[in-house]
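Visitor: Contents are mmCIF, C-alpha atoms; file name input_30.cif:
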```cif
data_coords
#
loop_
_atom_site.label_atom_id
_atom_site.label_comp_id
_atom_site.auth_asym_id
_atom_site.auth_seq_id
_atom_site.Cartn_x
_atom_site.Cartn_y
_atom_site.Cartn_z
CA MET A 15 10.78 2.55 6.10
CA ILE A 16 8.81 5.33 4.46
CA ARG A 17 9.62 8.78 5.86
CA HIS A 18 7.87 11.13 3.47
CA HIS A 19 4.16 10.90 2.68
CA PRO A 20 1.76 12.87 0.50
CA GLY A 21 -0.13 15.62 2.32
CA ASP A 22 -3.77 15.12 3.30
CA GLU A 23 -4.84 17.58 0.60
CA LEU A 24 -3.41 15.26 -2.09
CA LEU A 25 -4.95 12.16 -0.51
CA LEU A 26 -8.30 13.97 -0.37
CA ALA A 27 -8.03 14.97 -4.05
CA CYS A 28 -7.23 11.33 -4.85
CA ALA A 29 -10.38 10.19 -2.98
CA ALA A 30 -12.48 12.85 -4.70
CA GLY A 31 -11.11 11.84 -8.11
CA THR A 32 -9.82 15.31 -8.96
CA LEU A 33 -6.12 14.55 -9.52
CA ALA A 34 -4.72 14.67 -13.05
CA ALA A 35 -3.99 11.24 -14.56
CA GLY A 36 -0.21 11.50 -14.21
CA GLU A 37 -0.46 12.71 -10.62
CA ALA A 38 -2.86 9.90 -9.74
CA ILE A 39 -0.29 7.40 -11.05
CA VAL A 40 2.56 8.83 -8.97
CA LEU A 41 0.32 8.88 -5.90
CA GLY A 42 -0.84 5.31 -6.70
CA ALA A 43 2.80 4.15 -6.72
CA HIS A 44 3.19 5.48 -3.20
CA LEU A 45 -0.13 4.02 -2.03
CA GLU A 46 0.95 0.58 -3.20
CA GLY A 47 3.68 0.53 -0.56
CA CYS A 48 2.01 2.60 2.15
CA ALA A 49 -0.86 1.15 4.20
CA GLN A 50 -1.03 4.34 6.26
CA CYS A 51 -1.82 6.54 3.25
CA ARG A 52 -4.21 3.94 1.82
CA ALA A 53 -6.06 4.15 5.13
CA SER A 54 -6.26 7.93 4.76
CA VAL A 55 -7.66 7.68 1.23
CA ARG A 56 -10.24 5.19 2.49
CA LEU A 57 -11.06 7.56 5.36
CA PHE A 58 -11.73 10.37 2.86
CA GLU A 59 -13.71 8.03 0.63
CA ALA A 60 -15.86 7.06 3.60
CA ALA A 61 -16.45 10.75 4.31
CA GLY A 62 -17.32 11.38 0.65
CA GLY A 63 -19.62 8.37 0.50
CA THR A 64 -21.38 9.34 3.71
CA MET A 65 -21.88 12.90 2.50
CA LEU A 66 -23.48 11.49 -0.67
CA GLU A 67 -26.41 10.64 1.61
CA ALA A 68 -26.82 14.31 2.45
CA ILE A 69 -26.86 15.57 -1.12
CA GLU A 70 -30.08 17.07 -2.49
CA PRO A 71 -31.18 14.28 -4.90
CA ALA A 72 -31.68 15.15 -8.58
CA LEU A 73 -34.71 13.95 -10.52
CA MET A 74 -34.05 10.93 -12.72
CA LEU A 75 -35.97 10.54 -15.98
CA PRO A 76 -39.26 8.65 -15.45
CA GLU A 77 -38.04 5.71 -17.56
CA ALA A 78 -34.57 5.59 -15.94
CA LEU A 79 -35.09 2.44 -13.87
CA ALA A 80 -36.78 0.51 -16.71
CA SER A 81 -34.07 1.52 -19.12
CA THR A 82 -31.33 0.50 -16.65
CA LEU A 83 -32.99 -2.88 -16.09
CA ALA A 84 -33.15 -3.31 -19.88
CA THR A 85 -29.42 -2.57 -20.08
CA ILE A 86 -28.78 -5.17 -17.42
CA ASP A 87 -30.69 -7.75 -19.49
CA ARG A 88 -28.41 -7.06 -22.41
CA ILE A 89 -25.17 -7.50 -20.45
CA PRO A 90 -23.27 -10.11 -22.44
CA ALA A 91 -21.59 -13.02 -20.73
CA PRO A 92 -18.10 -11.98 -19.72
CA VAL A 93 -15.63 -12.54 -22.51
CA ALA A 94 -11.94 -12.97 -21.98
CA ARG A 95 -10.10 -9.71 -22.48
CA PRO A 96 -7.99 -9.64 -25.63
CA ALA A 97 -4.51 -10.96 -25.00
CA LYS A 98 -2.34 -8.22 -23.63
CA VAL A 99 0.17 -6.79 -26.02
CA PRO A 100 3.38 -6.61 -24.01
CA LEU A 101 4.17 -3.01 -23.14
CA ARG A 102 7.39 -1.49 -24.39
CA ARG A 103 9.41 -0.49 -21.41
CA PRO A 104 13.05 -0.07 -20.57
CA SER A 105 14.74 -2.50 -18.20
CA LEU A 106 14.91 -1.85 -14.48
CA PRO A 107 17.74 -2.90 -12.18
CA PRO A 108 17.34 -6.36 -10.59
CA GLY A 109 14.86 -6.36 -7.72
CA VAL A 110 13.10 -3.13 -8.75
CA LYS A 111 9.48 -3.60 -9.75
CA TRP A 112 7.20 -1.49 -11.92
CA PRO A 113 4.52 0.14 -9.76
CA ARG A 114 1.08 -1.36 -10.41
CA SER A 115 -0.30 2.09 -11.16
CA LEU A 116 1.85 1.99 -14.34
CA ALA A 117 0.28 -1.30 -15.43
CA HIS A 118 -1.12 0.18 -18.65
CA CYS A 119 1.67 2.58 -19.49
CA ALA A 120 4.48 2.11 -21.97
CA ALA A 121 7.77 3.91 -21.43
CA SER A 122 10.56 4.99 -23.79
CA ARG A 123 14.10 3.59 -23.72
CA TRP A 124 16.50 5.20 -21.28
CA ARG A 125 17.63 8.46 -22.80
CA TRP A 126 20.94 10.05 -21.94
CA MET A 127 20.81 13.37 -20.12
CA GLY A 128 24.29 13.52 -18.67
CA PRO A 129 27.00 11.23 -17.32
CA GLY A 130 25.30 8.61 -15.13
CA MET A 131 21.90 10.22 -15.72
CA ARG A 132 19.07 8.92 -17.87
CA TRP A 133 15.36 9.48 -18.20
CA SER A 134 12.41 7.71 -19.78
CA ARG A 135 9.18 9.26 -21.00
CA ILE A 136 6.04 7.43 -19.85
CA ARG A 137 2.94 7.32 -22.04
CA VAL A 138 -0.39 7.28 -20.24
CA PRO A 139 -2.96 5.67 -22.59
CA HIS A 140 -5.94 7.49 -21.11
CA ASP A 141 -4.17 10.85 -20.96
CA PRO A 142 -1.61 11.34 -23.75
CA ALA A 143 -0.90 14.84 -22.46
CA ALA A 144 0.25 13.61 -19.05
CA LYS A 145 3.79 14.68 -18.26
CA LEU A 146 5.11 11.62 -16.51
CA PHE A 147 8.66 10.31 -16.56
CA LEU A 148 11.31 8.23 -14.83
CA LEU A 149 14.66 9.64 -13.76
CA ARG A 150 17.56 7.26 -13.28
CA ILE A 151 20.59 8.74 -11.62
CA GLY A 152 23.85 6.98 -10.73
CA ALA A 153 25.18 6.73 -7.18
CA GLY A 154 26.94 9.83 -5.95
CA LYS A 155 25.71 12.10 -8.79
CA SER A 156 23.80 15.30 -8.23
CA LEU A 157 21.19 17.20 -10.18
CA ALA A 158 21.53 20.89 -10.93
CA LYS A 159 20.01 23.18 -8.35
CA HIS A 160 16.51 23.94 -9.54
CA THR A 161 13.13 25.29 -8.62
CA HIS A 162 9.70 24.20 -9.88
CA ARG A 163 6.75 25.64 -11.69
CA GLY A 164 3.39 24.24 -10.72
CA ARG A 165 3.16 21.05 -8.73
CA GLU A 166 5.72 18.32 -9.22
CA LEU A 167 5.13 14.95 -7.59
CA THR A 168 7.87 12.37 -7.09
CA HIS A 169 7.86 8.76 -5.91
CA VAL A 170 11.21 7.10 -5.17
CA MET A 171 11.27 3.60 -6.66
CA CYS A 172 14.79 2.69 -5.48
CA GLY A 173 17.98 4.27 -4.17
CA SER A 174 18.13 7.44 -2.13
CA PHE A 175 19.05 11.09 -2.33
CA HIS A 176 19.36 14.10 -0.05
CA ASP A 177 18.09 17.40 -1.37
CA GLY A 178 19.26 19.73 1.37
CA ARG A 179 15.87 19.52 3.09
CA ALA A 180 15.71 15.83 3.86
CA LEU A 181 16.77 12.31 2.91
CA PHE A 182 14.48 10.50 0.50
CA GLY A 183 14.56 6.72 0.00
CA ALA A 184 12.56 3.93 -1.64
CA GLY A 185 8.82 4.41 -1.14
CA ASP A 186 9.12 8.07 -0.20
CA PHE A 187 6.91 10.70 -1.79
CA ASP A 188 7.60 14.36 -2.43
CA ALA A 189 5.45 17.23 -3.65
CA ALA A 190 7.40 20.32 -4.70
CA ASP A 191 6.25 23.67 -6.03
CA GLU A 192 7.61 27.16 -6.67
CA SER A 193 8.56 27.53 -3.04
CA VAL A 194 11.04 24.67 -3.21
CA ARG A 195 14.50 25.27 -4.61
CA HIS A 196 16.68 22.24 -4.15
CA GLN A 197 19.60 20.22 -5.44
CA PRO A 198 19.08 16.48 -5.04
CA VAL A 199 22.37 14.70 -4.31
CA LEU A 200 22.42 10.92 -4.64
CA GLU A 201 23.63 8.81 -1.77
CA SER A 202 26.44 6.41 -2.50
CA ASP A 203 24.35 3.28 -1.87
CA GLY A 204 23.38 2.70 -5.49
CA GLU A 205 21.52 4.28 -8.35
CA CYS A 206 18.20 5.95 -7.77
CA ILE A 207 15.07 5.73 -9.90
CA CYS A 208 12.19 8.16 -9.40
CA LEU A 209 8.76 8.35 -10.97
CA ALA A 210 7.73 11.98 -11.37
CA SER A 211 4.92 14.09 -12.80
CA VAL A 212 4.88 17.76 -13.73
CA GLN A 213 1.89 19.87 -14.63
CA SER A 214 2.86 21.76 -17.74
CA PRO A 215 4.53 20.61 -20.97
CA LEU A 216 6.63 23.75 -21.01
CA VAL A 217 7.93 22.93 -17.56
CA PHE A 218 8.65 19.40 -18.66
CA ASP A 219 10.60 20.32 -21.80
CA GLY A 220 12.32 23.15 -20.00
CA MET A 221 13.35 20.89 -17.18
CA ILE A 222 14.91 18.23 -19.37
CA ALA A 223 16.66 20.87 -21.46
CA ARG A 224 17.83 22.66 -18.34
CA TRP A 225 19.20 19.51 -16.78
CA VAL A 226 20.88 18.35 -19.94
CA GLY A 227 22.05 21.91 -20.52
CA SER A 228 23.41 22.37 -17.04
CA LEU A 229 25.21 19.08 -17.29
CA VAL A 230 26.88 19.68 -20.62
CA GLY A 231 27.67 23.25 -19.70
CA ILE A 232 25.39 25.16 -22.09
CA MET B 2 -34.09 6.28 4.16
CA PRO B 3 -32.71 2.72 4.38
CA THR B 4 -30.28 2.00 7.23
CA SER B 5 -26.75 0.90 6.37
CA ASP B 6 -27.58 -2.70 7.33
CA GLU B 7 -30.59 -2.64 5.02
CA LEU B 8 -28.41 -1.33 2.21
CA ILE B 9 -25.97 -4.21 2.75
CA GLU B 10 -28.89 -6.66 2.61
CA LEU B 11 -30.03 -5.13 -0.68
CA VAL B 12 -26.58 -5.46 -2.27
CA ASN B 13 -26.32 -9.04 -1.02
CA ALA B 14 -29.73 -9.85 -2.54
CA VAL B 15 -28.51 -8.53 -5.89
CA ALA B 16 -25.25 -10.48 -5.59
CA LEU B 17 -26.76 -13.79 -4.45
CA ARG B 18 -30.15 -13.88 -6.18
CA SER B 19 -29.98 -11.26 -8.95
CA ASP B 20 -32.90 -9.75 -7.06
CA ARG B 21 -34.48 -7.02 -9.21
CA GLY B 22 -36.65 -5.71 -6.40
CA ALA B 23 -33.56 -5.15 -4.26
CA PHE B 24 -31.82 -3.53 -7.21
CA SER B 25 -34.78 -1.21 -7.78
CA ALA B 26 -34.64 -0.12 -4.14
CA LEU B 27 -30.92 0.63 -4.48
CA PHE B 28 -31.60 2.48 -7.71
CA LYS B 29 -34.32 4.65 -6.19
CA HIS B 30 -32.07 5.59 -3.32
CA PHE B 31 -28.75 6.11 -5.07
CA ALA B 32 -29.36 7.03 -8.73
CA PRO B 33 -30.83 10.50 -7.95
CA ARG B 34 -27.95 11.19 -5.54
CA ILE B 35 -25.31 10.10 -8.04
CA LYS B 36 -26.93 12.24 -10.71
CA ALA B 37 -26.84 15.18 -8.31
CA TYR B 38 -23.17 14.49 -7.51
CA LEU B 39 -22.27 14.38 -11.21
CA MET B 40 -24.20 17.56 -11.98
CA ARG B 41 -22.49 19.34 -9.11
CA SER B 42 -19.14 18.31 -10.56
CA GLY B 43 -20.04 20.21 -13.71
CA MET B 44 -21.77 17.64 -15.91
CA ALA B 45 -24.77 18.47 -18.08
CA PRO B 46 -27.99 16.85 -16.78
CA GLU B 47 -28.30 14.45 -19.78
CA LEU B 48 -24.79 13.15 -19.30
CA ALA B 49 -25.20 12.96 -15.53
CA GLU B 50 -28.37 10.91 -16.09
CA GLU B 51 -26.50 8.54 -18.40
CA LEU B 52 -23.54 8.07 -16.07
CA ALA B 53 -25.84 7.66 -13.05
CA GLN B 54 -27.55 4.81 -14.92
CA ASP B 55 -24.15 3.37 -15.90
CA THR B 56 -23.10 3.53 -12.26
CA MET B 57 -26.15 1.47 -11.29
CA VAL B 58 -25.43 -1.06 -14.07
CA ASN B 59 -21.97 -1.43 -12.53
CA VAL B 60 -23.54 -1.88 -9.10
CA TRP B 61 -25.45 -4.83 -10.58
CA ARG B 62 -22.39 -6.33 -12.24
CA LYS B 63 -20.05 -5.89 -9.31
CA ALA B 64 -22.46 -6.68 -6.48
CA ALA B 65 -20.70 -9.98 -5.82
CA SER B 66 -17.42 -8.19 -5.21
CA PHE B 67 -18.90 -5.85 -2.60
CA ASP B 68 -17.37 -6.58 0.79
CA SER B 69 -19.17 -4.98 3.70
CA GLU B 70 -16.07 -5.50 5.86
CA ARG B 71 -14.16 -3.11 3.63
CA ALA B 72 -16.60 -0.32 2.81
CA GLN B 73 -20.08 0.97 3.43
CA VAL B 74 -22.53 0.67 0.54
CA SER B 75 -22.68 4.43 -0.03
CA THR B 76 -18.87 4.65 -0.15
CA TRP B 77 -18.65 1.71 -2.54
CA ILE B 78 -21.22 3.23 -4.88
CA PHE B 79 -19.63 6.65 -4.61
CA THR B 80 -16.27 5.21 -5.76
CA ILE B 81 -17.94 3.48 -8.73
CA ALA B 82 -19.53 6.78 -9.80
CA ARG B 83 -16.29 8.68 -9.19
CA ASN B 84 -14.27 6.26 -11.35
CA LEU B 85 -16.79 6.48 -14.19
CA ARG B 86 -16.67 10.26 -13.99
CA VAL B 87 -12.85 10.37 -14.08
CA ASP B 88 -12.91 7.87 -16.96
CA HIS B 89 -15.42 9.98 -18.85
CA PHE B 90 -13.48 13.22 -18.51
CA ARG B 91 -10.27 11.52 -19.65
CA ARG B 92 -11.91 9.93 -22.67
CA ALA B 93 -13.40 13.26 -23.64
CA HIS B 94 -9.87 14.53 -24.25
CA LEU B 95 -8.71 11.54 -26.28
CA PRO B 96 -8.44 11.25 -30.04
CA ALA B 97 -10.55 8.31 -31.33
CA ALA B 98 -7.60 5.97 -31.95
CA ALA B 99 -6.24 6.44 -28.45
CA ASP B 100 -9.73 5.90 -27.11
CA ASP B 101 -9.79 2.41 -28.65
CA ARG B 102 -6.71 1.52 -26.72
CA SER B 103 -8.06 3.12 -23.60
CA ALA B 104 -11.38 1.30 -24.00
CA ALA B 105 -9.57 -1.93 -23.14
CA LEU B 106 -9.24 -0.50 -19.62
CA GLY B 107 -12.22 -0.51 -17.35
CA ALA B 108 -12.94 2.59 -15.29
CA ASP B 109 -11.65 0.72 -12.26
CA ASP B 110 -8.27 0.30 -13.92
CA LEU B 111 -7.96 4.05 -13.45
CA ASP B 112 -8.61 3.95 -9.74
CA PRO B 113 -5.27 4.34 -7.95
CA LEU B 114 -6.47 2.38 -4.94
CA THR B 115 -7.90 -0.50 -6.95
CA LEU B 116 -4.68 -0.66 -8.90
CA ALA B 117 -2.48 -0.31 -5.87
CA VAL B 118 -4.21 -2.72 -3.58
CA HIS B 119 -4.58 -6.30 -4.61
CA ASP B 120 -3.51 -7.66 -1.27
CA ALA B 121 -5.50 -7.83 1.91
CA PRO B 122 -5.84 -4.42 3.54
CA GLY B 123 -3.60 -3.62 6.48
CA PRO B 124 -4.98 -3.38 10.03
CA GLU B 125 -5.36 0.39 9.86
CA GLU B 126 -7.34 0.15 6.65
CA GLU B 127 -9.58 -2.51 8.14
CA MET B 128 -10.27 -0.30 11.11
CA ILE B 129 -11.59 2.50 8.96
CA ALA B 130 -13.37 0.32 6.46
CA GLY B 131 -15.14 -1.54 9.24
CA ARG B 132 -16.74 1.65 10.52
CA ARG B 133 -20.39 1.89 9.77
CA GLU B 134 -22.04 4.82 8.17
CA ALA B 135 -23.47 6.00 11.46
CA ALA B 136 -20.00 6.27 12.97
CA VAL B 137 -18.67 8.23 10.00
CA ARG B 138 -21.72 10.49 9.91
CA ASN B 139 -21.35 11.11 13.61
CA ALA B 140 -17.64 11.91 13.20
CA LEU B 141 -18.40 14.33 10.35
CA ARG B 142 -20.95 16.07 12.55
CA GLN B 143 -18.30 16.65 15.19
CA LEU B 144 -15.94 18.45 12.82
CA ALA B 145 -15.71 22.21 12.96
CA PRO B 146 -18.13 23.63 10.34
CA GLU B 147 -15.33 25.13 8.24
CA GLN B 148 -13.55 21.75 8.10
CA ARG B 149 -16.73 19.95 7.08
CA GLN B 150 -17.32 22.61 4.46
CA ILE B 151 -13.91 22.02 2.84
CA LEU B 152 -14.56 18.27 2.68
CA TRP B 153 -18.00 18.85 1.22
CA MET B 154 -16.64 21.24 -1.40
CA SER B 155 -13.78 18.89 -2.30
CA PHE B 156 -16.27 16.18 -3.20
CA TYR B 157 -19.42 17.99 -4.18
CA ASP B 158 -18.69 21.57 -5.14
CA GLU B 159 -15.84 23.55 -6.52
CA GLN B 160 -13.58 20.53 -6.16
CA SER B 161 -10.12 21.89 -6.87
CA GLN B 162 -8.46 23.38 -3.82
CA THR B 163 -7.45 26.42 -5.81
CA ARG B 164 -11.07 27.03 -6.73
CA ILE B 165 -12.20 26.45 -3.16
CA SER B 166 -9.65 29.03 -2.04
CA ASP B 167 -11.07 31.54 -4.56
CA GLU B 168 -14.66 30.74 -3.71
CA LEU B 169 -14.21 31.16 0.04
CA ASP B 170 -11.71 33.98 -0.41
CA ILE B 171 -9.16 32.35 1.88
CA PRO B 172 -5.50 31.55 1.05
CA LEU B 173 -4.68 28.13 -0.44
CA GLY B 174 -2.58 27.41 2.64
CA THR B 175 -5.68 27.82 4.82
CA VAL B 176 -7.60 25.35 2.63
CA LYS B 177 -4.77 22.84 3.06
CA SER B 178 -4.54 23.33 6.80
CA ARG B 179 -8.31 22.86 7.18
CA VAL B 180 -8.05 19.61 5.21
CA ARG B 181 -5.28 18.47 7.54
CA LEU B 182 -7.27 19.40 10.64
CA ALA B 183 -10.36 17.63 9.30
CA ALA B 184 -8.31 14.51 8.56
CA THR B 185 -6.69 14.56 11.99
CA HIS B 186 -10.06 14.89 13.72
CA LEU B 187 -11.67 12.17 11.62
CA ARG B 188 -8.80 9.79 12.34
CA ARG B 189 -9.04 10.49 16.03
CA LEU B 190 -12.81 10.08 16.09
CA LEU B 191 -12.82 6.90 14.01
CA GLN B 192 -9.66 5.18 15.14
CA GLY B 193 -9.26 6.47 18.62
CA ILE B 194 -5.64 7.38 17.87
CA GLU B 195 -3.82 10.64 17.43
CA SER B 196 -1.89 11.08 14.24
#
```
Translate this structure into structure tokens?

Guide:
Amino acid sequence: MIRHHPGDELLLACAAGTLAAGEAIVLGAHLEGCAQCRASVRLFEAAGGTMLEAIEPALMLPEALASTLATIDRIPAPVARPAKVPLRRPSLPPGVKWPRSLAHCAASRWRWMGPGMRWSRIRVPHDPAAKLFLLRIGAGKSLAKHTHRGRELTHVMCGSFHDGRALFGAGDFDAADESVRHQPVLESDGECICLASVQSPLVFDGMIARWVGSLVGI
Amino acid sequence: MPTSDELIELVNAVALRSDRGAFSALFKHFAPRIKAYLMRSGMAPELAEELAQDTMVNVWRKAASFDSERAQVSTWIFTIARNLRVDHFRRAHLPAAADDRSAALGADDLDPLTLAVHDAPGPEEEMIAGRREAAVRNALRQLAPEQRQILWMSFYDEQSQTRISDELDIPLGTVKSRVRLAATHLRRLLQGIES
């Protein structure tokens, strides 16, 4: 049962194609499990498509149609895609699946960031600068109290936590910004894995350092 | 201007008979609009021309996968153009080696919905997808002007909500609340349910 959904402004940005690559992946992971939000994205797409009819048309080059038809004539017969090189990824607990939106992304091994806490850096092939990562936290653990800089999006892949505002479980989505200061505390029902994106590299490095730091008492 | 049923017929003619006349009609209607969309999103006219043509090549290639139960023609073509645009902007930031790897992905591989949804759509999705253009256009017309304006700008103008907030000189929170109101009204008008 999904309790927390992305706001309409994020679903609209998704339909308009204006989300950053990492954010689109986190949102895609939620959409995979949420028919209600998929319906909203389709609603916005229908609005966008309909408004395309109202746009003041631009002039195409005089030879545009002929040149497009010539391109069509040169379309080669479909060839099989090259065999997929298996992606390097860390293991997930039994029963937890990789979101389809991560289909093309490799991820680092699980890196230690504290007792019962690990993280994995995700590489987005079409946006190497994307700050996307997995957090894997053991049952009953808690993160340091923290705030955010810029927009941070989170999709819960498994497990659950309470952050003082609400309870988040598998399939739930959260968008946090400067106004949110929270301390996620894991429930006791098992470990929790989240897929998260942040906007700035400084925030990303700072966050990992801060968490590791806060945990080892720096 | 072709009606939405005529547009569906044209796509079907391309899919079933590789009908160049039908394709030309689709091209004349959509290519100038796609070029305008791309230029409004900040692309130089030459590039917008190229991607508008690419979009139409994709319309030809994918015509068989068009499902009129799931989307109107204009929405389907809009999403093709949108995915190419997103793909283009991402590639523009890639070093050449990374681009080779990325080239193995089609633009549609970058579409969160395409990636997320391989299964049949749920009943709610069907309900929206099944709506014809006229119904959506009618619903848009019934929105408050400031809500319609935010939707228009999100797709065809300043795009980012921060920039919309600057442009209209209203707080970001107001932009977000107008988006929510617009969505709520559209859902009510198109689904007949409150949300």

Visitor: In terms of the shortest atom-to-atom distance over only C-alpha atoms, which of A:Cys172, A:Leu157, A:Leu73, A:Ala144 is closest to Pro108 (chain A)?

Guide: A:Cys172

Visitor: Pick out the closest residue to Gly174 (chain B) from this set: B:His89, B:Gln162, B:Val137, B:Ala64. Count all atoms listed in the file.

Guide: B:Gln162

Visitor: What are the residues of chain A that have an atom within 8 Å of an atom of chain B, counting all atoms listed in the file, as JSON, numbers by chain?

Guide: {"A": [21, 22, 23, 26, 27, 28, 30, 31, 32, 38, 39, 41, 42, 43, 45, 46, 49, 50, 52, 53, 54, 56, 57, 58, 59, 60, 61, 62, 63, 64, 65, 66, 67, 69, 70, 71, 72, 73, 74, 75, 78, 79, 82, 85, 86, 95, 114, 115, 139, 140, 141, 142]}

Visitor: Using all atoms listed in the file, pick whichever of A:Glu166, A:Asp87, A:Glu77, A:Asp203 has the shortest atom-to-atom distance to Phe187 (chain A).

Guide: A:Glu166

Visitor: Could you work out how far CA of Trp133 (chain A) lies from CA of Gly183 (chain A), giving the answer in Å with one decimal?

Guide: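 CA of Trp133 (chain A) lies at a distance of 18.4 Å from CA of Gly183 (chain A).
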
Visitor: Any chance you could work out the residue set of the PyMOL selection byres ((chain B and resi 11) around 9) here, as number ranges by chain?

Guide: B: 6-10, 12-16, 20, 22-24, 26-27

Visitor: Quick one, how far is CA of His18 (chain A) from CA of Cys48 (chain A)?

Guide: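 Taking CA of His18 (chain A) as the start and CA of Cys48 (chain A) as the end point, the length is 10.4 Å.
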
Visitor: Please report the interatomic distance between CA of Ile171 (chain B) and CA of Met44 (chain B) in Å with one decimal.

Guide: 26.3 Å
